[in-house]
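Novice: This is the structure I want to talk about, given as structure tokens.
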Amino acid sequence: MAVSVGTSVAPQSAHEVLARARARAALIPDMLVEAQKIANTLTSGWHGRRRRGTGDAFWQFRPYDQGESMARIDWRRTARDDAITIRDQEWEAAHTVWIWADPSPSMLYQSETASVSKQSRALVLSLAIAEVLAKSGERVGWPGLTNAMTNRDSAERIASALMVDTRAAQDNLPDAANMRSRSELVVVSDFLQPVSDILEWSEQIAKQRIRGSLVQIIDPAEERFPFSGRTEFEDPETGVRQTFGRAEGLSVDYMRLFNARKEMLANQCRKLGWNHLVHHTDTLASGALVALHGRLTGQMEVKGA
Amino acid sequence: MTLGALSFASPLVLLGLLALPIIWWLLRLTPPRPRQEVFPPSRILEEIAKPEETPAQSPWWLTLLRLLLAGLVVLALSEPVWNADEAQLNGDGPILLVVDDGWTSGANWNERMNAAEQTLKEASAAGRPVALVFASELGQAELATASADSLSSRLSAARALPINTHWSALGERIASADVPEFATLVWLTGGLKAPGHDVLKQALEAKVTGQVFVTQPGETALAATAINNAPNAMEVAIVRADNDAPGAGQATAYDDKGQSIATAPFSFSGTATTASAQFELPVELRNEIVRVELDNQKTAGAVQLIDERFRRRRVGLISGGNADRAQPLLSPLYYISRALQPFSDVREPETDNSIEAVDELINERISTFILADIGQLPDETTRKLEDWVTKGGMLVRFAGPRLAAASDDRLVPVSLRRGGRSLGGTLTWGEAQPLSSFEDNSPFGGIPVPDDVSVTRQVLAEPDIDLASKTWASLQDGTPLVTASQQGQGWIVLFHVTADASWSNLPLSGAFVDMLRRIVAVSNGAVTVPGQGGTASESSTDAQTETASLAPWQVLNGEGRLGAPDSEARPLQIAPGTEVVVSRETPPGFYGTSDAHVAVNLFSKDTALTALTRDDLPQGGQFLNYQKTAATEFKPWLLALAFVLLAIDCLVVLWMAGALRTRRVLSSSTAGIAVAALATASILTFTMPQSAFAQDAAIDFESALKTRLAYVKTGDDRLDAISRKGLIGLTRFISTRTSLEPGEPIGVDIANDELAFYPLLYWPISSGVSVPPAETMARIDAFMKRGGSVLFDTRDQISGGFGGARVTVETQRLREILSSLDIPPLEPVPENHVLTRAFYLLNVFPGRYLDGRLWVEASTPTEDDADRPARPGDGVSSIMITSNDMAGAWAIEADGSPSLPIVPPNPTQRVYALRTGANIVMYTLTGNYKSDQVHIPALLERLGQ
């Protein structure tokens with residue numbers, strides 16, 4: 001019987017990246033189904049942009065103001081009473097949203113308190129947001145894998161692309177080479193990369209006038225550090241092993257540093273005007289999806305105003 | 001090697017301790033294996049602390065634990081001994097080892113054996129021959145020397161014996177030994193002299209030339225010598241030797257199951273050698289005592305066994321007139337038997353013929369004979385009784401008209417005037433006389449004199465010179481009320497009044513009970529057979545006349561424990577007038593059978609113990625004491641401690657490896673699921689019966705607190721629902737109409753549920769239900785026998801047809817059920833049955849149907865009952881059978897409307913059905929109480945008075 005707190009859920013083979021990519025690909029159909037499931041819970045309450053603008057759906061009647069185009073008057077409504085009334089449509093405009101989930105080995109971690117690994121949670125979240133956005137007509141893409149496309153089934157396309165992709169599994173952070181400015185980038189990762197890398201990458205992306213939303217996936221064991229006694233820790237990415245005599249003695253320092261990292265990431269996002277979301281794998285994915293979606297649409301509103 | 005009192009058998013092993021530093025160094029090199037964890041943010045850990053440079057580090061305390069473990073093993077192997085025995089004997093030549101294995105040896109047998117072994121060991125080391133002799137060996141092979149090693153098996157075969165040793169035989173044996181002289185004498189004694197000491201001393205002085213060691217215990221043994229069952233306490237006489245034996249102690253009395261009944265302290269005052277412990281207990285409890293033991297003595301001499309002498313006695317009663325039986329309160333024997341029953345077996349003869357009765361009772365081996373107003377007996381019977389009294393019987397007589405009229409009665413303690421006298425009557429001189437006093441030296445001494453006793457008539461004793469000494473109780477005017485005289489071993493006691501309340505109210509007072517109790521207690525003491533010391537014969541009459549041979553039943557061993565006899569024990573021969581000799585073949589104990597046995601004790605009444613003094617030793621003798629603590633070996637303890645440490649070490653290693661950490665949450669691994677499934681399954685298995693049990697207990701608890709009606713769950717859901725609704729309707733009816741407020745009705749599973757809480761069980765019979773198995777019917781049977789009632793309802797009156805010729809399926813089923821029950825004869829409820837008037841006055845018992853009869857247990861009518869308005873008889877009929885479908889008529893829905901129609905549709909019939917139910921419930925709860933209490937005015941009216 002395993003006595004350790006957490007395990008790495010996928011086998012590590014010689015062709016590690018390939019194997020991981022395959023494992024990840026195998027996950028994707030399930031993830032897609034689940035993503036659609038939780039996306040459905042969200043879209044049922046979906047009410048467009050909630051602003052007037054160009055679009056098909058009726059938004060509101062309002063009194064005619066002088067100077068407005070006569071063509072916008074709703075004559076049928078106007079004929080019912082004395083006031084001249086204008087019919088507004090709800091604003092609908094397509095945005096480009098790039099979505100990316102971290103494929104690194106550290107994402108494969110799952111502790112015994114968590115219900116899924118960080119990897120699968122990240123995939124579910126990213127596919128779900130892709131589904132939601134695609135349904136509302138946004139252009140959705142996966143950097144390095146697909147172009148941004150406007151399609152009702154963008155999420156499925158991304159998923160099928162992910163299934164055959166082996167290359168994307170090695171990227172550490174998404175490449176913003178073919179992203180245009182004023183697009184959105186959603187990165188779902190554990191952000192355990194070296195701090196300097198993250199800072200540098202985010203500065204570079206921000207320079208392209210791309211707005212980022214960083215979803216930090218945290219396994220509860222990573223935050224609480226429930227280890228005690230003599231323990232040997234292995235880094236799943238580098239394979240470095242370290243042994244500590246009294247692991248419980250490390251917990252205070254560890255938690256301080258871990259929270260500092262989180263704080264640093266949040267600060268950086270605040271500075272750049274980005275979103276930072278923390279999600280734990282022992283909570284439900286739908287919660288994170290709602291939060292993420294709220295942040296994204298909120299921004300779009302601001303931009304569209 | 002020796003360090004003070006500590007010595008080592010193999011000191012070289014201690015060199016192993018030198019290896020400890022190496023072990024220490026090795027242990028530091030083998031650390032416990034760490035837990036292995038995959039941990040993505042390990043990079044953060046790098047920033048916090050340096051990982052261990054050398055992973056080879058056990059905690060210091062674990063190292064210390066292991067070093068201690070190794071050290072303990074080394075120490076244990078070196079066999080350390082505390083207080084190793086030192087050699088005492090010197091010189092050479094044969095050694096004489098005399099071991100006293102008599103009764104005193106039980107207390108310190110191990111010390112004696114240690115001392116003897118030590119002597120053998122030393123002799124073996126010095127190569128000296130040893131002659132081993134036990135004090136209890138009589139007339140065996142000639143005493144000869146042997147090598148010490150060959151004797152140790154003989155020594156270990158020896159055991160403490162519960163007998164007195166006789167030293168004269170021992171002395172002769174030593175004197176006739178074929179060894180010219182012994183260089184050393186080692187004599188292990190109990191510190192007490194035994195008969196024949198002079199012979200032994202001479203023999204020893206003649207044979208022993210060198211060292212003389214006499215070993216004795218620090219405290220000599222105490223002996224319990226006699227039991228005296230005084231009127232208010234059982235006294236145990238205790239004897240000590242005339243030296244500084246323990247001055248105080250405690251005696252404990254045990255019953256025949258070996259449980260202690262009471263303890264009593266005793267102490268010797270000053271230099272007295274006797275003391276007594278008193279058990280002040282009620283007679284009933286004293287009867288239970290079979291064994292009195294001095295605490296912390298562990299010898300056969302400190303135990304006194306008690307046999308039938310002190311037990312509950314059989315008392316035979318004969319009355320002059322037997323015609324009075326119809327009126328028990330007037331029977332002369334009524335008060336006597338009521339007073340005697342708590343503490344004795346009362347036997348009344350089968351026959352009315354007093355001659356045959358006397359023979360019969362004497363054959364029953366009674367100890368006390370009570371004759372109430374027997375005047376003249378035939379000569380032969382009188383002789384028999386006299387003979388019986390002489391042998392130790394207690395004859396108690398009560399006066400009465402017949403005795404007063406008799407002349408020349410030999411069976412009276414004092415000579416009587418004929419006729420007696422009356423007091424306090426219309427034509428008499430004196431007032432009714434109160435009781436004045438109980439003589440202090442009589443068995444009645446100490447009974448408080450009741451002031452409400454008055455005597456209106458009595459028989460008078462002739463004034464005689466020894467009348468006062470024969471008087472046990474007297475009236476205020478000095479005339480004797482109770483006189484007694486000793487005849488041979490027995491007593492004749494005369495109450496000068498009758499045993500009933502006609503001459504005095506003495507039989508009605510509490511003092512009467514005390515007086516009879518004292519008399520019976522005296523009869524216990526009076527039947528001791530003389531000349532047998534502590535041994536008593538089983539019966540006061542038989543054992544004197546012929547030699548009895550009794551098989552050993554339970555005997556004492558050397559340590560005073562009662563147990564099954566061993567192969568050496570022989571039957572005990574009790575010849576009249578001879579003393580029972582305790583020997584190896586007949587150790588102290590009980591002889592006979594478990595029903596009738598004789599106690600044989602080691603000591604009798606006048607035993608004295610004498611201590612062995614320096615003058616009693618052979619020339620140059622010196623006293624030694626047994627060593628309380630022999631050498632203590634540490635090896636087993638050290639090894640045990642090492643084992644404990646090893647176990648701790650294992651636990652620590654497991655703990656450090658994480659095996660003892662509990663898993664917090666279900667893991668997704670297969671093993672986890674399997675374990676969880678297994679655990680769930682086992683939890684289910686274990687919790688389900690428990691919860692069922694808990695539920696049962698709760699139901700029982702509720703039922704025990706609240707009277708409630710119950711119905712038998714037949715398994716037919718519709719039928720059970722009707723039963724339930726019916727009982728709810730009846731409960732509601734009873735609650736509104738009567739002061740009884742039953743709880744919620746309950747359906748019981750007769751196979752499993754406890755039935756004791758329910759007074760009435762409604763059992764509808766359904767054609768589709770099979771007959772319960774035999775065990776269940778046994779439960780029903782027990783329920784009925786314990787006072788519960790079952791109301792069977794076949795509900796088939798409508799389908800039964802007319803004339804009763806046709807038997808329905810339900811009736812058939814009922815017959816099958818009842819065939820396995822013990823059912824008394826039944827009858828339809830007679831007109832004057834309590835059921836007809838338990839609450840309502842009823843003459844029909846309808847349910848949904850009108851015409852079915854209600855059957856109950858037949859009460860056997862007597863002539864007396866014939867004209868009574870209600871039948872007497874306390875028993876409630878345990879079975880009632882109806883075919884009217886009672887529950888169907890009682891049943892109501894939740895809104896109070898009836899569930900089923902009445903056949904014929906007559907609403908009054910439903911009311912009557914409910915009244916019938918109320919009557920049945922009242923009847924089962926109150927029995928015939930109603931029959932003669934509530935309706936007395938109406939009854940009187942109907943009787944026309």
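Note on naming: chains are A, B, ... as they come in the structure tokens, residues start from 1 per chain, ligands start from 1 in the order shown.
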Write out as a ChimeraX atom specification all residues of segment 97-300 of chain A that DSSP puts in strand (DSSP E or B) for this structure's backbone.
Specialist: /A:97-101,109-111,139-141,149-150,184-189,211-218,231-234,241-244,275-280
Novice: Can I get the residues of chain A within 6 Å of chain B, each with the closest pair of atoms and their distance in Å to one decimal, using only C-alpha atoms, sorted chain first then ascending number, as JSON lines?
Specialist:
```
{"residue": "A:Ser4", "atom": "CA", "partner": "B:Glu37", "partner_atom": "CA", "distance": 5.5}
{"residue": "A:Thr7", "atom": "CA", "partner": "B:Val38", "partner_atom": "CA", "distance": 5.9}
{"residue": "A:Ser106", "atom": "CA", "partner": "B:Pro40", "partner_atom": "CA", "distance": 5.2}
{"residue": "A:Glu112", "atom": "CA", "partner": "B:Ser667", "partner_atom": "CA", "distance": 5.4}
{"residue": "A:Arg230", "atom": "CA", "partner": "B:Pro34", "partner_atom": "CA", "distance": 4.9}
{"residue": "A:Thr231", "atom": "CA", "partner": "B:Arg35", "partner_atom": "CA", "distance": 4.6}
{"residue": "A:Glu232", "atom": "CA", "partner": "B:Gln36", "partner_atom": "CA", "distance": 4.8}
{"residue": "A:Phe233", "atom": "CA", "partner": "B:Glu37", "partner_atom": "CA", "distance": 4.9}
{"residue": "A:Glu234", "atom": "CA", "partner": "B:Val38", "partner_atom": "CA", "distance": 4.7}
{"residue": "A:Asp235", "atom": "CA", "partner": "B:Pro40", "partner_atom": "CA", "distance": 5.3}
{"residue": "A:Pro236", "atom": "CA", "partner": "B:Pro40", "partner_atom": "CA", "distance": 5.8}
{"residue": "A:Gln242", "atom": "CA", "partner": "B:Pro51", "partner_atom": "CA", "distance": 5.8}
{"residue": "A:Thr243", "atom": "CA", "partner": "B:Pro51", "partner_atom": "CA", "distance": 5.5}
{"residue": "A:Phe244", "atom": "CA", "partner": "B:Pro51", "partner_atom": "CA", "distance": 5.4}
```
Novice: Could you pull the residues within 9 Å of segment 223-227 of chain A, counting only C-alpha atoms, minus those fewer than 4 positions along the same chain, as an mmCIF file with N, CA and C atoms, in the first residue's frame?
Specialist:
```
data_model
loop_
_atom_site.group_PDB
_atom_site.id
_atom_site.type_symbol
_atom_site.label_atom_id
_atom_site.label_comp_id
_atom_site.auth_asym_id
_atom_site.auth_seq_id
_atom_site.Cartn_x
_atom_site.Cartn_y
_atom_site.Cartn_z
ATOM 1 N N SER A 4 2.744 7.319 0.502
ATOM 2 C CA SER A 4 3.086 8.702 0.259
ATOM 3 C C SER A 4 1.824 9.533 0.073
ATOM 4 N N VAL A 5 2.019 10.837 0.208
ATOM 5 C CA VAL A 5 0.866 11.735 0.150
ATOM 6 C C VAL A 5 0.336 11.854 -1.266
ATOM 7 N N ILE A 218 -3.704 24.520 -8.277
ATOM 8 C CA ILE A 218 -2.895 24.111 -7.121
ATOM 9 C C ILE A 218 -3.491 22.836 -6.543
ATOM 10 N N ASP A 219 -2.603 21.877 -6.322
ATOM 11 C CA ASP A 219 -3.040 20.679 -5.604
ATOM 12 C C ASP A 219 -3.045 21.018 -4.112
ATOM 13 N N THR A 231 11.590 12.321 4.961
ATOM 14 C CA THR A 231 10.914 12.234 3.671
ATOM 15 C C THR A 231 11.873 12.593 2.550
ATOM 16 N N ARG A 246 13.238 16.040 8.966
ATOM 17 C CA ARG A 246 11.951 16.324 9.601
ATOM 18 C C ARG A 246 11.155 17.223 8.676
ATOM 19 N N ALA A 247 10.343 16.614 7.849
ATOM 20 C CA ALA A 247 9.627 17.380 6.838
ATOM 21 C C ALA A 247 8.666 18.361 7.493
ATOM 22 N N GLU A 248 8.097 17.969 8.681
ATOM 23 C CA GLU A 248 7.120 18.872 9.296
ATOM 24 C C GLU A 248 7.758 20.202 9.677
ATOM 25 N N LEU A 250 9.691 21.874 7.893
ATOM 26 C CA LEU A 250 9.816 22.733 6.722
ATOM 27 C C LEU A 250 8.524 23.468 6.398
ATOM 28 N N SER A 251 7.426 22.981 6.984
ATOM 29 C CA SER A 251 6.138 23.396 6.435
ATOM 30 C C SER A 251 5.935 24.903 6.541
ATOM 31 N N VAL A 252 6.349 25.502 7.661
ATOM 32 C CA VAL A 252 6.103 26.942 7.827
ATOM 33 C C VAL A 252 6.835 27.716 6.739
ATOM 34 N N TYR A 254 8.000 26.597 3.950
ATOM 35 C CA TYR A 254 7.506 26.240 2.633
ATOM 36 C C TYR A 254 6.253 27.021 2.297
ATOM 37 N N MET A 255 5.331 27.025 3.266
ATOM 38 C CA MET A 255 4.060 27.684 2.979
ATOM 39 C C MET A 255 4.285 29.176 2.757
ATOM 40 N N PHE A 258 5.628 29.477 -0.743
ATOM 41 C CA PHE A 258 4.631 29.142 -1.748
ATOM 42 C C PHE A 258 3.618 30.281 -1.891
ATOM 43 N N ASN A 259 3.202 30.805 -0.724
ATOM 44 C CA ASN A 259 2.246 31.904 -0.775
ATOM 45 C C ASN A 259 2.896 33.145 -1.389
ATOM 46 N N GLU B 37 8.278 10.751 -1.716
ATOM 47 C CA GLU B 37 7.160 11.557 -2.169
ATOM 48 C C GLU B 37 7.523 12.230 -3.483
#
```
Novice: May I have the residues within 7 Å of segment 253-269 of chain B as a PDB file with C-alpha atoms, in the first residue's frame, using only C-alpha atoms and disregarding those fewer than 5 positions away in the same chain?
Specialist:
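The file below, out-v7.pdb, is the result:
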```
ATOM      1  CA  GLY B 247      -0.572 -12.234  68.224  1.00  0.00           C
ATOM      2  CA  ALA B 248      -3.481 -11.342  66.013  1.00  0.00           C
ATOM      3  CA  THR B 274      -5.684 -19.412  72.888  1.00  0.00           C
ATOM      4  CA  ALA B 275      -7.929 -16.929  71.212  1.00  0.00           C
ATOM      5  CA  SER B 276     -11.205 -17.064  69.426  1.00  0.00           C
ATOM      6  CA  ALA B 277     -12.716 -15.456  66.375  1.00  0.00           C
ATOM      7  CA  GLN B 278     -16.458 -14.832  66.418  1.00  0.00           C
ATOM      8  CA  PHE B 279     -18.648 -14.857  63.357  1.00  0.00           C
ATOM      9  CA  GLU B 288     -23.877 -21.964  54.810  1.00  0.00           C
ATOM     10  CA  ILE B 289     -20.412 -22.090  56.334  1.00  0.00           C
ATOM     11  CA  VAL B 290     -18.492 -25.252  55.525  1.00  0.00           C
ATOM     12  CA  ARG B 291     -14.969 -24.116  56.189  1.00  0.00           C
ATOM     13  CA  VAL B 292     -13.253 -21.614  58.450  1.00  0.00           C
ATOM     14  CA  GLU B 293      -9.727 -20.694  57.593  1.00  0.00           C
TER      15      GLU B 293
END
```
Novice: Using only C-alpha atoms, which residues sit within 8 Å of Ala161 of chain A once same-chain residues fewer than 3 positions away are excluded, as a VMD selection string?
Specialist: chain A and resid 145 to 146 157 to 158 164 to 165
Novice: Using DSSP on the backbone coordinates, identify the residues of segment 138-182 of chain A assigned to helix (DSSP H, G or I); present them as a list of chain:residue names.
Specialist: A:Ser154, A:Ala155, A:Glu156, A:Arg157, A:Ile158, A:Ala159, A:Ser160, A:Ala161, A:Leu162, A:Met163, A:Val164, A:Arg167, A:Ala168, A:Ala169, A:Gln170
Novice: Limited to C-alpha atoms, could you put the picked residues into a file as a compact mmCIF listing (two decimals), in the first residue's frame?
Specialist:
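Final file, part-v7.txt:
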```
# COMPACT_ATOMS: atom_id res chain seq x y z
CA SER A 154 -14.22 25.16 -31.74
CA ALA A 155 -13.73 23.30 -28.52
CA GLU A 156 -14.09 19.97 -30.27
CA ARG A 157 -11.69 21.01 -32.94
CA ILE A 158 -9.16 22.06 -30.35
CA ALA A 159 -9.69 18.78 -28.59
CA SER A 160 -9.11 16.73 -31.70
CA ALA A 161 -6.06 18.78 -32.50
CA LEU A 162 -4.76 18.17 -28.98
CA MET A 163 -5.26 14.45 -29.40
CA VAL A 164 -2.89 14.23 -32.31
CA ARG A 167 4.77 18.85 -30.02
CA ALA A 168 2.72 21.08 -27.77
CA ALA A 169 3.49 18.88 -24.82
CA GLN A 170 6.95 20.26 -24.48
```
Novice: Neighbours of Glu439 of chain B within 9 Å (only C-alpha atoms; same-chain residues fewer than 4 positions away dropped), as a ChimeraX atom specification?
Specialist: /B:443-446,471-474
Novice: Need to verify the contact set: Glu462 of chain B, 7 Å, only C-alpha atoms, exclusion of same-chain residues closer than 4 positions in sequence. Can you return it as a PDB file with N, CA and C atoms, in the first residue's frame?
Specialist:
```
ATOM      1  N   SER B 415     -41.613 -32.199  86.792  1.00  0.00           N
ATOM      2  CA  SER B 415     -42.894 -32.855  87.058  1.00  0.00           C
ATOM      3  C   SER B 415     -43.991 -31.795  87.123  1.00  0.00           C
ATOM      4  N   LEU B 416     -45.121 -32.135  86.579  1.00  0.00           N
ATOM      5  CA  LEU B 416     -46.189 -31.167  86.405  1.00  0.00           C
ATOM      6  C   LEU B 416     -47.347 -31.470  87.335  1.00  0.00           C
ATOM      7  N   ARG B 417     -48.024 -30.393  87.706  1.00  0.00           N
ATOM      8  CA  ARG B 417     -49.314 -30.590  88.390  1.00  0.00           C
ATOM      9  C   ARG B 417     -50.366 -30.858  87.337  1.00  0.00           C
TER      10      ARG B 417
END
```
Novice: Between atom CA of Asp452 of chain B and atom CA of Asp500 of chain B, measure the distance and give it in Å to one decimal.
Specialist: 16.0 Å
Novice: How many Å separate atom CA of Asp615 of chain B from atom CA of Gln216 of chain B?
Specialist: 14.6 Å
Novice: With distances taken over only C-alpha atoms, which of B:Gly127, B:Gly102, B:Gly726, B:Pro282 is nearest to Glu893 of chain B?
Specialist: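 Selected residue with least distance to Glu893 of chain B: B:Gly726.
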Novice: Interatomic distance between atom CA of Ala135 of chain B and atom CA of Val179 of chain B?
Specialist: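 So the answer is 18.2 Å.
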